[in-house]
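Below is the file structure.cif, which contains mmCIF, C-alpha atoms and all ligand atoms; chains and numbers go by the auth columns.
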```
data_target
loop_
_atom_site.group_PDB
_atom_site.id
_atom_site.type_symbol
_atom_site.label_atom_id
_atom_site.label_comp_id
_atom_site.label_asym_id
_atom_site.label_seq_id
_atom_site.Cartn_x
_atom_site.Cartn_y
_atom_site.Cartn_z
_atom_site.B_iso_or_equiv
_atom_site.auth_seq_id
_atom_site.auth_asym_id
ATOM 1 C CA MET A 1 114.737 90.033 77.718 0.00 94 A
ATOM 2 C CA ALA A 2 113.208 86.552 77.519 0.00 95 A
ATOM 3 C CA ASP A 3 115.571 85.473 80.313 0.00 96 A
ATOM 4 C CA LEU A 4 114.493 88.388 82.450 0.00 97 A
ATOM 5 C CA ILE A 5 110.808 87.554 81.991 0.00 98 A
ATOM 6 C CA LYS A 6 111.567 83.917 82.838 0.00 99 A
ATOM 7 C CA ARG A 7 113.380 85.038 85.993 0.00 100 A
ATOM 8 C CA HIS A 8 110.480 87.245 87.095 0.00 101 A
ATOM 9 C CA ASN A 9 107.827 84.639 86.383 0.00 102 A
ATOM 10 C CA GLY A 10 109.844 81.966 88.116 0.00 103 A
ATOM 11 C CA ILE A 11 109.372 78.195 88.002 0.00 104 A
ATOM 12 C CA GLY A 12 108.466 75.615 90.637 0.00 105 A
ATOM 13 C CA MET A 13 109.172 77.070 94.068 0.00 106 A
ATOM 14 C CA THR A 14 109.394 80.605 92.636 0.00 107 A
ATOM 15 C CA SER A 15 106.344 80.443 90.357 0.00 108 A
ATOM 16 C CA GLN A 16 103.184 82.543 90.453 0.00 109 A
ATOM 17 C CA ARG A 17 101.374 79.492 91.847 0.00 110 A
ATOM 18 C CA THR A 18 103.731 79.320 94.817 0.00 111 A
ATOM 19 C CA ARG A 19 103.177 83.037 95.382 0.00 112 A
ATOM 20 C CA ALA A 20 99.402 82.624 95.195 0.00 113 A
ATOM 21 C CA ARG A 21 99.679 79.899 97.843 0.00 114 A
ATOM 22 C CA MET A 22 101.614 82.279 100.081 0.00 115 A
ATOM 23 C CA VAL A 23 98.768 84.788 99.712 0.00 116 A
ATOM 24 C CA GLU A 24 96.201 82.096 100.536 0.00 117 A
ATOM 25 C CA ARG A 25 98.106 81.299 103.740 0.00 118 A
ATOM 26 C CA LEU A 26 98.142 85.019 104.624 0.00 119 A
ATOM 27 C CA ARG A 27 94.359 85.028 104.234 0.00 120 A
ATOM 28 C CA GLU A 28 94.096 81.966 106.503 0.00 121 A
ATOM 29 C CA GLN A 29 96.301 83.745 109.037 0.00 122 A
ATOM 30 C CA GLY A 30 93.777 86.579 109.184 0.00 123 A
ATOM 31 C CA ILE A 31 95.070 89.210 106.730 0.00 124 A
ATOM 32 C CA ARG A 32 91.984 90.892 105.272 0.00 125 A
ATOM 33 C CA ASP A 33 93.198 93.941 103.350 0.00 126 A
ATOM 34 C CA GLU A 34 92.632 93.071 99.692 0.00 127 A
ATOM 35 C CA ALA A 35 94.954 95.818 98.418 0.00 128 A
ATOM 36 C CA VAL A 36 97.811 94.355 100.472 0.00 129 A
ATOM 37 C CA LEU A 37 97.032 90.791 99.376 0.00 130 A
ATOM 38 C CA LEU A 38 96.845 91.845 95.728 0.00 131 A
ATOM 39 C CA ALA A 39 100.148 93.697 95.991 0.00 132 A
ATOM 40 C CA MET A 40 101.857 90.703 97.608 0.00 133 A
ATOM 41 C CA ASN A 41 100.441 88.464 94.913 0.00 134 A
ATOM 42 C CA SER A 42 102.046 90.643 92.254 0.00 135 A
ATOM 43 C CA VAL A 43 105.562 91.248 93.632 0.00 136 A
ATOM 44 C CA PRO A 44 108.039 88.418 92.923 0.00 137 A
ATOM 45 C CA ARG A 45 109.624 88.017 96.337 0.00 138 A
ATOM 46 C CA HIS A 46 112.352 85.653 95.055 0.00 139 A
ATOM 47 C CA ILE A 47 113.964 88.539 93.125 0.00 140 A
ATOM 48 C CA PHE A 48 114.918 90.140 96.468 0.00 141 A
ATOM 49 C CA VAL A 49 116.840 87.220 97.987 0.00 142 A
ATOM 50 C CA ASP A 50 120.054 85.487 96.920 0.00 143 A
ATOM 51 C CA GLU A 51 119.563 82.855 94.257 0.00 144 A
ATOM 52 C CA ALA A 52 120.617 80.122 96.685 0.00 145 A
ATOM 53 C CA LEU A 53 117.629 81.019 98.903 0.00 146 A
ATOM 54 C CA ALA A 54 115.111 81.640 96.109 0.00 147 A
ATOM 55 C CA SER A 55 113.334 78.325 96.660 0.00 148 A
ATOM 56 C CA ARG A 56 112.494 79.441 100.212 0.00 149 A
ATOM 57 C CA ALA A 57 111.405 82.959 99.277 0.00 150 A
ATOM 58 C CA TYR A 58 107.671 82.182 99.679 0.00 151 A
ATOM 59 C CA ASP A 59 107.956 80.243 102.960 0.00 152 A
ATOM 60 C CA ASP A 60 106.685 81.772 106.198 0.00 153 A
ATOM 61 C CA VAL A 61 110.163 82.700 107.351 0.00 154 A
ATOM 62 C CA SER A 62 112.534 85.633 107.478 0.00 155 A
ATOM 63 C CA LEU A 63 115.700 85.042 105.446 0.00 156 A
ATOM 64 C CA PRO A 64 119.224 86.491 105.605 0.00 157 A
ATOM 65 C CA ILE A 65 120.021 89.283 103.114 0.00 158 A
ATOM 66 C CA GLY A 66 123.621 89.857 104.236 0.00 159 A
ATOM 67 C CA PHE A 67 125.223 92.376 106.616 0.00 160 A
ATOM 68 C CA GLY A 68 123.481 90.698 109.565 0.00 161 A
ATOM 69 C CA GLN A 69 120.047 91.768 108.286 0.00 162 A
ATOM 70 C CA THR A 70 116.960 89.835 107.200 0.00 163 A
ATOM 71 C CA ILE A 71 114.011 90.144 104.842 0.00 164 A
ATOM 72 C CA SER A 72 110.920 90.145 107.089 0.00 165 A
ATOM 73 C CA ASN A 73 108.632 87.124 106.802 0.00 166 A
ATOM 74 C CA PRO A 74 105.584 87.602 104.548 0.00 167 A
ATOM 75 C CA LYS A 75 103.138 87.556 107.454 0.00 168 A
ATOM 76 C CA ILE A 76 104.779 90.490 109.229 0.00 169 A
ATOM 77 C CA VAL A 77 105.022 92.525 106.002 0.00 170 A
ATOM 78 C CA ALA A 78 101.316 91.908 105.348 0.00 171 A
ATOM 79 C CA ARG A 79 100.364 92.703 108.939 0.00 172 A
ATOM 80 C CA MET A 80 102.312 95.991 109.027 0.00 173 A
ATOM 81 C CA LEU A 81 100.899 97.173 105.706 0.00 174 A
ATOM 82 C CA GLU A 82 97.376 96.155 106.700 0.00 175 A
ATOM 83 C CA LEU A 83 97.668 98.198 109.893 0.00 176 A
ATOM 84 C CA LEU A 84 98.986 101.144 107.875 0.00 177 A
ATOM 85 C CA ASN A 85 96.247 101.190 105.306 0.00 178 A
ATOM 86 C CA LEU A 86 92.947 100.299 106.946 0.00 179 A
ATOM 87 C CA GLN A 87 90.857 102.740 104.933 0.00 180 A
ATOM 88 C CA GLY A 88 92.376 103.006 101.482 0.00 181 A
ATOM 89 C CA GLU A 89 94.274 105.797 99.644 0.00 182 A
ATOM 90 C CA LEU A 90 97.893 106.244 100.592 0.00 183 A
ATOM 91 C CA GLY A 91 99.706 109.188 98.982 0.00 184 A
ATOM 92 C CA HIS A 92 103.199 109.513 100.413 0.00 185 A
ATOM 93 C CA VAL A 93 104.584 106.675 102.510 0.00 186 A
ATOM 94 C CA LEU A 94 107.910 106.461 104.332 0.00 187 A
ATOM 95 C CA GLU A 95 109.693 103.212 105.116 0.00 188 A
ATOM 96 C CA ILE A 96 112.591 103.081 107.574 0.00 189 A
ATOM 97 C CA GLY A 97 114.900 100.124 106.856 0.00 190 A
ATOM 98 C CA THR A 98 114.804 99.329 103.122 0.00 191 A
ATOM 99 C CA GLY A 99 116.837 96.143 103.526 0.00 192 A
ATOM 100 C CA CYS A 100 116.515 94.248 100.234 0.00 193 A
ATOM 101 C CA GLY A 101 113.660 96.479 99.057 0.00 194 A
ATOM 102 C CA TYR A 102 110.851 93.898 99.134 0.00 195 A
ATOM 103 C CA GLN A 103 108.482 95.771 101.422 0.00 196 A
ATOM 104 C CA ALA A 104 109.139 98.977 99.459 0.00 197 A
ATOM 105 C CA ALA A 105 108.143 97.116 96.271 0.00 198 A
ATOM 106 C CA VAL A 106 104.892 95.943 97.878 0.00 199 A
ATOM 107 C CA LEU A 107 104.252 99.482 99.125 0.00 200 A
ATOM 108 C CA SER A 108 104.831 100.834 95.609 0.00 201 A
ATOM 109 C CA ARG A 109 101.651 99.004 94.560 0.00 202 A
ATOM 110 C CA ILE A 110 99.462 100.541 97.274 0.00 203 A
ATOM 111 C CA ALA A 111 100.873 104.063 97.657 0.00 204 A
ATOM 112 C CA ARG A 112 101.474 106.818 95.135 0.00 205 A
ATOM 113 C CA GLU A 113 105.029 107.660 96.260 0.00 206 A
ATOM 114 C CA VAL A 114 107.276 105.577 98.492 0.00 207 A
ATOM 115 C CA TYR A 115 110.310 106.993 100.294 0.00 208 A
ATOM 116 C CA SER A 116 112.626 104.494 101.915 0.00 209 A
ATOM 117 C CA VAL A 117 115.748 104.999 104.023 0.00 210 A
ATOM 118 C CA GLU A 118 118.496 102.458 104.766 0.00 211 A
ATOM 119 C CA ARG A 119 121.705 102.913 106.758 0.00 212 A
ATOM 120 C CA ILE A 120 123.777 100.156 105.024 0.00 213 A
ATOM 121 C CA ALA A 121 125.041 101.363 101.627 0.00 214 A
ATOM 122 C CA PRO A 122 125.413 97.977 99.834 0.00 215 A
ATOM 123 C CA LEU A 123 121.811 97.083 100.734 0.00 216 A
ATOM 124 C CA ILE A 124 120.586 100.294 99.111 0.00 217 A
ATOM 125 C CA ALA A 125 122.536 99.383 95.976 0.00 218 A
ATOM 126 C CA LYS A 126 120.987 95.892 95.891 0.00 219 A
ATOM 127 C CA ALA A 127 117.481 97.212 96.538 0.00 220 A
ATOM 128 C CA ARG A 128 117.907 99.811 93.811 0.00 221 A
ATOM 129 C CA ALA A 129 118.937 97.132 91.292 0.00 222 A
ATOM 130 C CA SER A 130 115.966 94.872 92.165 0.00 223 A
ATOM 131 C CA LEU A 131 113.432 97.715 91.955 0.00 224 A
ATOM 132 C CA LYS A 132 114.896 98.786 88.620 0.00 225 A
ATOM 133 C CA GLU A 133 114.715 95.238 87.322 0.00 226 A
ATOM 134 C CA LEU A 134 110.994 95.163 88.208 0.00 227 A
ATOM 135 C CA ARG A 135 110.525 98.605 86.603 0.00 228 A
ATOM 136 C CA ILE A 136 109.238 100.124 89.823 0.00 229 A
ATOM 137 C CA HIS A 137 109.667 103.874 89.519 0.00 230 A
ATOM 138 C CA ASN A 138 107.705 105.377 92.412 0.00 231 A
ATOM 139 C CA VAL A 139 110.190 104.430 95.159 0.00 232 A
ATOM 140 C CA LYS A 140 112.839 106.944 96.248 0.00 233 A
ATOM 141 C CA LEU A 141 115.717 105.394 98.166 0.00 234 A
ATOM 142 C CA ARG A 142 118.160 107.182 100.410 0.00 235 A
ATOM 143 C CA HIS A 143 121.288 106.066 102.215 0.00 236 A
ATOM 144 C CA ALA A 144 120.826 107.812 105.558 0.00 237 A
ATOM 145 C CA ASP A 145 119.922 107.411 109.217 0.00 238 A
ATOM 146 C CA GLY A 146 116.193 106.679 109.360 0.00 239 A
ATOM 147 C CA ASN A 147 115.974 108.396 112.740 0.00 240 A
ATOM 148 C CA LEU A 148 115.917 111.633 110.742 0.00 241 A
ATOM 149 C CA GLY A 149 113.116 110.555 108.397 0.00 242 A
ATOM 150 C CA PHE A 150 112.982 111.890 104.826 0.00 243 A
ATOM 151 C CA LYS A 151 112.092 115.568 105.027 0.00 244 A
ATOM 152 C CA GLU A 152 111.643 116.187 101.287 0.00 245 A
ATOM 153 C CA GLY A 153 108.806 113.662 101.066 0.00 246 A
ATOM 154 C CA ALA A 154 106.945 114.825 104.195 0.00 247 A
ATOM 155 C CA PRO A 155 104.218 114.969 105.347 0.00 248 A
ATOM 156 C CA PHE A 156 103.562 111.214 105.115 0.00 249 A
ATOM 157 C CA ASP A 157 100.173 109.520 105.199 0.00 250 A
ATOM 158 C CA GLY A 158 101.928 106.429 106.450 0.00 251 A
ATOM 159 C CA ILE A 159 105.268 105.582 108.052 0.00 252 A
ATOM 160 C CA VAL A 160 106.392 102.004 108.531 0.00 253 A
ATOM 161 C CA MET A 161 109.523 101.013 110.415 0.00 254 A
ATOM 162 C CA ALA A 162 111.239 97.670 109.784 0.00 255 A
ATOM 163 C CA ALA A 163 113.629 97.922 112.754 0.00 256 A
ATOM 164 C CA ALA A 164 112.828 98.215 116.451 0.00 257 A
ATOM 165 C CA ALA A 165 113.397 101.453 118.355 0.00 258 A
ATOM 166 C CA THR A 166 113.197 101.886 122.107 0.00 259 A
ATOM 167 C CA ARG A 167 111.361 105.189 121.603 0.00 260 A
ATOM 168 C CA VAL A 168 109.713 106.782 118.591 0.00 261 A
ATOM 169 C CA PRO A 169 112.154 109.052 116.725 0.00 262 A
ATOM 170 C CA LYS A 170 110.994 112.676 117.057 0.00 263 A
ATOM 171 C CA ALA A 171 111.564 113.528 113.375 0.00 264 A
ATOM 172 C CA LEU A 172 109.190 110.733 112.352 0.00 265 A
ATOM 173 C CA LEU A 173 106.412 112.074 114.574 0.00 266 A
ATOM 174 C CA GLU A 174 106.920 115.501 113.012 0.00 267 A
ATOM 175 C CA GLN A 175 106.882 114.129 109.458 0.00 268 A
ATOM 176 C CA LEU A 176 103.620 112.206 109.971 0.00 269 A
ATOM 177 C CA ALA A 177 100.645 114.008 108.386 0.00 270 A
ATOM 178 C CA VAL A 178 97.598 114.897 110.466 0.00 271 A
ATOM 179 C CA GLY A 179 95.288 111.954 109.763 0.00 272 A
ATOM 180 C CA GLY A 180 98.333 109.755 109.083 0.00 273 A
ATOM 181 C CA LYS A 181 99.392 106.521 110.684 0.00 274 A
ATOM 182 C CA MET A 182 102.740 105.061 111.753 0.00 275 A
ATOM 183 C CA VAL A 183 103.391 101.340 112.329 0.00 276 A
ATOM 184 C CA LEU A 184 106.540 100.353 114.168 0.00 277 A
ATOM 185 C CA PRO A 185 108.042 97.789 116.521 0.00 278 A
ATOM 186 C CA LEU A 186 108.917 99.331 119.880 0.00 279 A
ATOM 187 C CA GLY A 187 111.123 97.814 122.558 0.00 280 A
ATOM 188 C CA GLY A 188 114.418 96.053 123.118 0.00 281 A
ATOM 189 C CA GLN A 189 114.463 92.328 123.967 0.00 282 A
ATOM 190 C CA GLU A 190 110.671 92.399 124.252 0.00 283 A
ATOM 191 C CA GLN A 191 109.047 94.212 121.358 0.00 284 A
ATOM 192 C CA GLN A 192 105.505 95.102 120.401 0.00 285 A
ATOM 193 C CA LEU A 193 104.043 96.363 117.186 0.00 286 A
ATOM 194 C CA CYS A 194 102.583 99.829 117.765 0.00 287 A
ATOM 195 C CA VAL A 195 100.256 101.960 115.716 0.00 288 A
ATOM 196 C CA ILE A 196 100.499 105.714 116.213 0.00 289 A
ATOM 197 C CA GLU A 197 97.777 107.900 114.726 0.00 290 A
ATOM 198 C CA ARG A 198 98.061 111.648 114.457 0.00 291 A
ATOM 199 C CA ASP A 199 94.985 113.845 114.707 0.00 292 A
ATOM 200 C CA GLU A 200 94.517 117.604 115.233 0.00 293 A
ATOM 201 C CA ARG A 201 94.999 117.191 118.962 0.00 294 A
ATOM 202 C CA GLY A 202 98.103 115.039 118.953 0.00 295 A
ATOM 203 C CA TYR A 203 99.155 111.383 118.802 0.00 296 A
ATOM 204 C CA VAL A 204 97.283 108.253 119.866 0.00 297 A
ATOM 205 C CA GLU A 205 99.238 105.030 120.399 0.00 298 A
ATOM 206 C CA THR A 206 97.756 101.531 120.212 0.00 299 A
ATOM 207 C CA ILE A 207 99.807 98.485 121.179 0.00 300 A
ATOM 208 C CA MET A 208 99.339 95.374 119.047 0.00 301 A
ATOM 209 C CA ASP A 209 101.149 92.020 118.643 0.00 302 A
ATOM 210 C CA ALA A 210 104.443 90.885 120.209 0.00 303 A
ATOM 211 C CA VAL A 211 107.148 90.872 117.490 0.00 304 A
ATOM 212 C CA LYS A 212 110.888 90.379 116.920 0.00 305 A
ATOM 213 C CA PHE A 213 112.794 92.830 114.712 0.00 306 A
ATOM 214 C CA VAL A 214 116.440 93.790 114.278 0.00 307 A
ATOM 215 C CA PRO A 215 117.266 96.949 116.247 0.00 308 A
ATOM 216 C CA LEU A 216 117.203 100.446 114.790 0.00 309 A
ATOM 217 C CA VAL A 217 120.877 101.445 114.822 0.00 310 A
ATOM 218 C CA PRO A 218 121.856 105.121 114.829 0.00 311 A
ATOM 219 C CA GLY A 219 124.123 106.561 112.109 0.00 312 A
ATOM 220 C CA ILE A 220 125.051 105.191 108.687 0.00 313 A
ATOM 221 C CA ASN A 221 127.388 102.440 107.525 0.00 314 A
HETATM 222 N N1 LIG B . 112.016 96.205 104.799 0.00 401 B
HETATM 223 C C1 LIG B . 112.920 95.103 104.679 0.00 401 B
HETATM 224 C C2 LIG B . 113.383 94.590 106.013 0.00 401 B
HETATM 225 C C3 LIG B . 114.673 95.139 106.393 0.00 401 B
HETATM 226 S S1 LIG B . 115.338 94.624 107.943 0.00 401 B
HETATM 227 C C4 LIG B . 112.307 94.000 103.856 0.00 401 B
HETATM 228 O O1 LIG B . 111.418 94.246 103.056 0.00 401 B
HETATM 229 O O2 LIG B . 112.743 92.899 103.940 0.00 401 B
HETATM 230 C C5 LIG B . 115.596 96.170 108.721 0.00 401 B
HETATM 231 C C6 LIG B . 116.550 97.112 108.048 0.00 401 B
HETATM 232 O O3 LIG B . 116.604 98.289 108.846 0.00 401 B
HETATM 233 C C7 LIG B . 117.972 96.608 107.939 0.00 401 B
HETATM 234 O O4 LIG B . 118.368 96.574 106.601 0.00 401 B
HETATM 235 C C8 LIG B . 118.791 97.634 108.739 0.00 401 B
HETATM 236 O O5 LIG B . 120.060 97.925 108.184 0.00 401 B
HETATM 237 C C9 LIG B . 117.891 98.852 108.676 0.00 401 B
HETATM 238 N N2 LIG B . 118.140 99.864 109.713 0.00 401 B
HETATM 239 C C10 LIG B . 118.464 99.685 111.021 0.00 401 B
HETATM 240 N N3 LIG B . 118.631 100.887 111.627 0.00 401 B
HETATM 241 C C11 LIG B . 118.401 101.840 110.683 0.00 401 B
HETATM 242 C C12 LIG B . 118.438 103.273 110.681 0.00 401 B
HETATM 243 N N4 LIG B . 118.732 103.994 111.780 0.00 401 B
HETATM 244 N N5 LIG B . 118.159 103.926 109.527 0.00 401 B
HETATM 245 C C13 LIG B . 117.867 103.237 108.394 0.00 401 B
HETATM 246 N N6 LIG B . 117.829 101.893 108.336 0.00 401 B
HETATM 247 C C14 LIG B . 118.093 101.192 109.450 0.00 401 B
#
```
Can the structure in the file be given as structure tokens, please?
Ligand code: SAH
Amino acid sequence: MADLIKRHNGIGMTSQRTRARMVERLREQGIRDEAVLLAMNSVPRHIFVDEALASRAYDDVSLPIGFGQTISNPKIVARMLELLNLQGELGHVLEIGTGCGYQAAVLSRIAREVYSVERIAPLIAKARASLKELRIHNVKLRHADGNLGFKEGAPFDGIVMAAAATRVPKALLEQLAVGGKMVLPLGGQEQQLCVIERDERGYVETIMDAVKFVPLVPGIN
């Protein structure tokens, strides 16, 4: 128990102070959403990467998590969640691409229920263990193809995709609530972050920053 607390609290490069500095940098980089900043200040990011990389967990970089995948850099996580949540209250949120589970953990602090889908089975197992270790209980994980969404949790107030698609999966558009918002990278070699809002009349797309994500791959592994 004492060891576990020590591991969560971290020391030196994994300490709360290092994490607070990461949040300060996010502020300097223009992130304004206090709920997102607070959530990122509270989730120990080093728990989600291999111990050998823990000292770099709070740097402004993406890091390998195995199976050719990466944990997104803190800036992009903050940016996506800020775009998702501009005016408060998130009930059900869907994440496509759980990876190591870090973004799902941050989401668990700003949404009531988080549903997250990942196509690589061992990553789901790792994410599940990390979330359990942090006693996060409002995240439901599923090993499945994210192109199909997560029907049981729908409709979603927010959908966030951590892998780039060339077109928006139809099931995700259907599972977005009226009044809801989806944030996703769209494109192939050249990608842009897009925000799609659903209102009574349909969908409105806004194109934001240029980004670089791993591709959304169909099927499971
Ligand atoms: N959210 C993660 C980032 C994960 S990287 C974080 O917090 O760090 C993107 C993830 O999307 C990878 O793990 C990849 O396996 C997954 N992915 C790619 N295509 C997918 C699909 N069709 N369905 C579900 N997950 C997918």
Let me see if you get this right: every residue at most 7 Å from ligand LIG 401 (chain B), counting only C-alpha atoms and all ligand atoms, written as a ChimeraX atom specification. /A:162-165,189-197,210-213,216,237-240,255-256,307-312
Could you work out how far atom CA of Leu265 of chain A lies from atom CA of Asn166 of chain A, giving the answer in Å with one decimal? 24.3 Å
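Comparing A:Asn134, A:Asn178, A:Thr107, A:Gln285 by their smallest distance to Arg120 of chain A, the closest is A:Asn134 (using only C-alpha atoms).
Using all atoms listed in the file for every distance, the candidate list A:Val232, A:Val136, A:Leu176, A:Ala258 yields A:Val232 as the residue closest to Ser209 of chain A.
Of the listed residues (A:Tyr296, A:Phe306, A:Phe249, A:Phe141), A:Phe306 comes nearest to Gln284 of chain A; the distances count only C-alpha atoms.
Taking atom CA of Val207 of chain A and atom CA of Glu188 of chain A as the two end points, the separation is 7.4 Å.
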Show me, as JSON, numbers by chain, the residues that have an atom within 10 Å of Met173 of chain A when counting only C-alpha atoms, minus same-chain residues fewer than 6 positions from it. {"A": [129, 196, 253, 254, 255, 275, 276, 277, 278, 286, 287, 288]}
With C-alpha atoms retained, write the just-selected residues as a compact mmCIF listing (two decimals), in the coordinates of the input.
```txt
# COMPACT_ATOMS: atom_id res chain seq x y z
CA VAL A 129 97.81 94.36 100.47
CA GLN A 196 108.48 95.77 101.42
CA VAL A 253 106.39 102.00 108.53
CA MET A 254 109.52 101.01 110.42
CA ALA A 255 111.24 97.67 109.78
CA MET A 275 102.74 105.06 111.75
CA VAL A 276 103.39 101.34 112.33
CA LEU A 277 106.54 100.35 114.17
CA PRO A 278 108.04 97.79 116.52
CA LEU A 286 104.04 96.36 117.19
CA CYS A 287 102.58 99.83 117.76
CA VAL A 288 100.26 101.96 115.72
```
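Residue nearest Ile300 of chain A within the list A:Leu187, A:Ser148, A:Arg110, A:Gly280: A:Gly280 [criterion: smallest interatomic distance, only C-alpha atoms].
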Excluding Glu144 of chain A and its own-chain neighbours fewer than 5 positions away, which residues fall within 12 Å of it when counting only C-alpha atoms? Please give them as a list in words. Arg100, Gly103, Met106, Thr107, Arg138, His139, Arg149, Ala150, Pro157 and Ile158 of chain A
Put those residues in a file: C-alpha atoms, as a compact mmCIF listing (two decimals), in the coordinates of the input.
```
# COMPACT_ATOMS: atom_id res chain seq x y z
CA ARG A 100 113.38 85.04 85.99
CA GLY A 103 109.84 81.97 88.12
CA MET A 106 109.17 77.07 94.07
CA THR A 107 109.39 80.60 92.64
CA ARG A 138 109.62 88.02 96.34
CA HIS A 139 112.35 85.65 95.06
CA ARG A 149 112.49 79.44 100.21
CA ALA A 150 111.40 82.96 99.28
CA PRO A 157 119.22 86.49 105.60
CA ILE A 158 120.02 89.28 103.11
```
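What separates atom CA of Leu177 of chain A from atom CA of Val116 of chain A is a distance of 18.3 Å.
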Shell of 8 Å around Glu290 of chain A, only C-alpha atoms, local chain residues under 3 positions omitted, as a PyMOL selection string: chain A and resi 272-275+296-298
Using the chain letters and numbering of this document, enumerate as a PyMOL selection string the residues selected by the PyMOL selection byres (((chain A and resi 118) around 12) and not hetatm). chain A and resi 111-117+119-125+130+133-134+151-153+167-168+171
What's around Leu266 of chain A at 9 Å? Count all atoms listed in the file, leave out sequence neighbours fewer than 3 positions away in its own chain, and write the answer as a ChimeraX atom specification. /A:261-263,269-270,275,289,291,296
Counting all atoms listed in the file, the option among A:Gly281, A:Gly251, A:Gly159, A:Gly105 closest to Leu183 of chain A: A:Gly251
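Checking A:Val271, A:Ala303, A:Ala147, A:Asp126 one by one against Ile104 of chain A, counting all atoms listed in the file, you find the shortest gap at A:Ala147.
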With a distance cut-off of 10 Å and only C-alpha atoms, select the neighbouring residues of Leu227 of chain A, excluding the residue or stretch itself and same-chain residues fewer than 3 positions from it, and output the selection as a PDB file with C-alpha atoms, in the coordinates of the input.
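Written out: around.pdb:
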```pdb
ATOM      1  CA  LEU A  97     114.493  88.388  82.450  1.00  0.00           C
ATOM      2  CA  ILE A  98     110.808  87.554  81.991  1.00  0.00           C
ATOM      3  CA  HIS A 101     110.480  87.245  87.095  1.00  0.00           C
ATOM      4  CA  VAL A 136     105.562  91.248  93.632  1.00  0.00           C
ATOM      5  CA  PRO A 137     108.039  88.418  92.923  1.00  0.00           C
ATOM      6  CA  ILE A 140     113.964  88.539  93.125  1.00  0.00           C
ATOM      7  CA  ALA A 198     108.143  97.116  96.271  1.00  0.00           C
ATOM      8  CA  ALA A 222     118.937  97.132  91.292  1.00  0.00           C
ATOM      9  CA  SER A 223     115.966  94.872  92.165  1.00  0.00           C
ATOM     10  CA  LEU A 224     113.432  97.715  91.955  1.00  0.00           C
ATOM     11  CA  HIS A 230     109.667 103.874  89.519  1.00  0.00           C
TER      12      HIS A 230
END
```
Chain and number of each residue from the PyMOL selection byres (((chain A and resi 244) around 10) and not hetatm), as a PDB file with C-alpha atoms, keeping the file's coordinate frame:
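Contents of the output file result.pdb:
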```pdb
ATOM      1  CA  TYR A 208     110.310 106.993 100.294  1.00  0.00           C
ATOM      2  CA  LEU A 241     115.917 111.633 110.742  1.00  0.00           C
ATOM      3  CA  GLY A 242     113.116 110.555 108.397  1.00  0.00           C
ATOM      4  CA  PHE A 243     112.982 111.890 104.826  1.00  0.00           C
ATOM      5  CA  GLU A 245     111.643 116.187 101.287  1.00  0.00           C
ATOM      6  CA  GLY A 246     108.806 113.662 101.066  1.00  0.00           C
ATOM      7  CA  ALA A 247     106.945 114.825 104.195  1.00  0.00           C
ATOM      8  CA  PRO A 248     104.218 114.969 105.347  1.00  0.00           C
ATOM      9  CA  PHE A 249     103.562 111.214 105.115  1.00  0.00           C
ATOM     10  CA  ALA A 264     111.564 113.528 113.375  1.00  0.00           C
ATOM     11  CA  LEU A 265     109.190 110.733 112.352  1.00  0.00           C
ATOM     12  CA  GLU A 267     106.920 115.501 113.012  1.00  0.00           C
ATOM     13  CA  GLN A 268     106.882 114.129 109.458  1.00  0.00           C
TER      14      GLN A 268
END
```
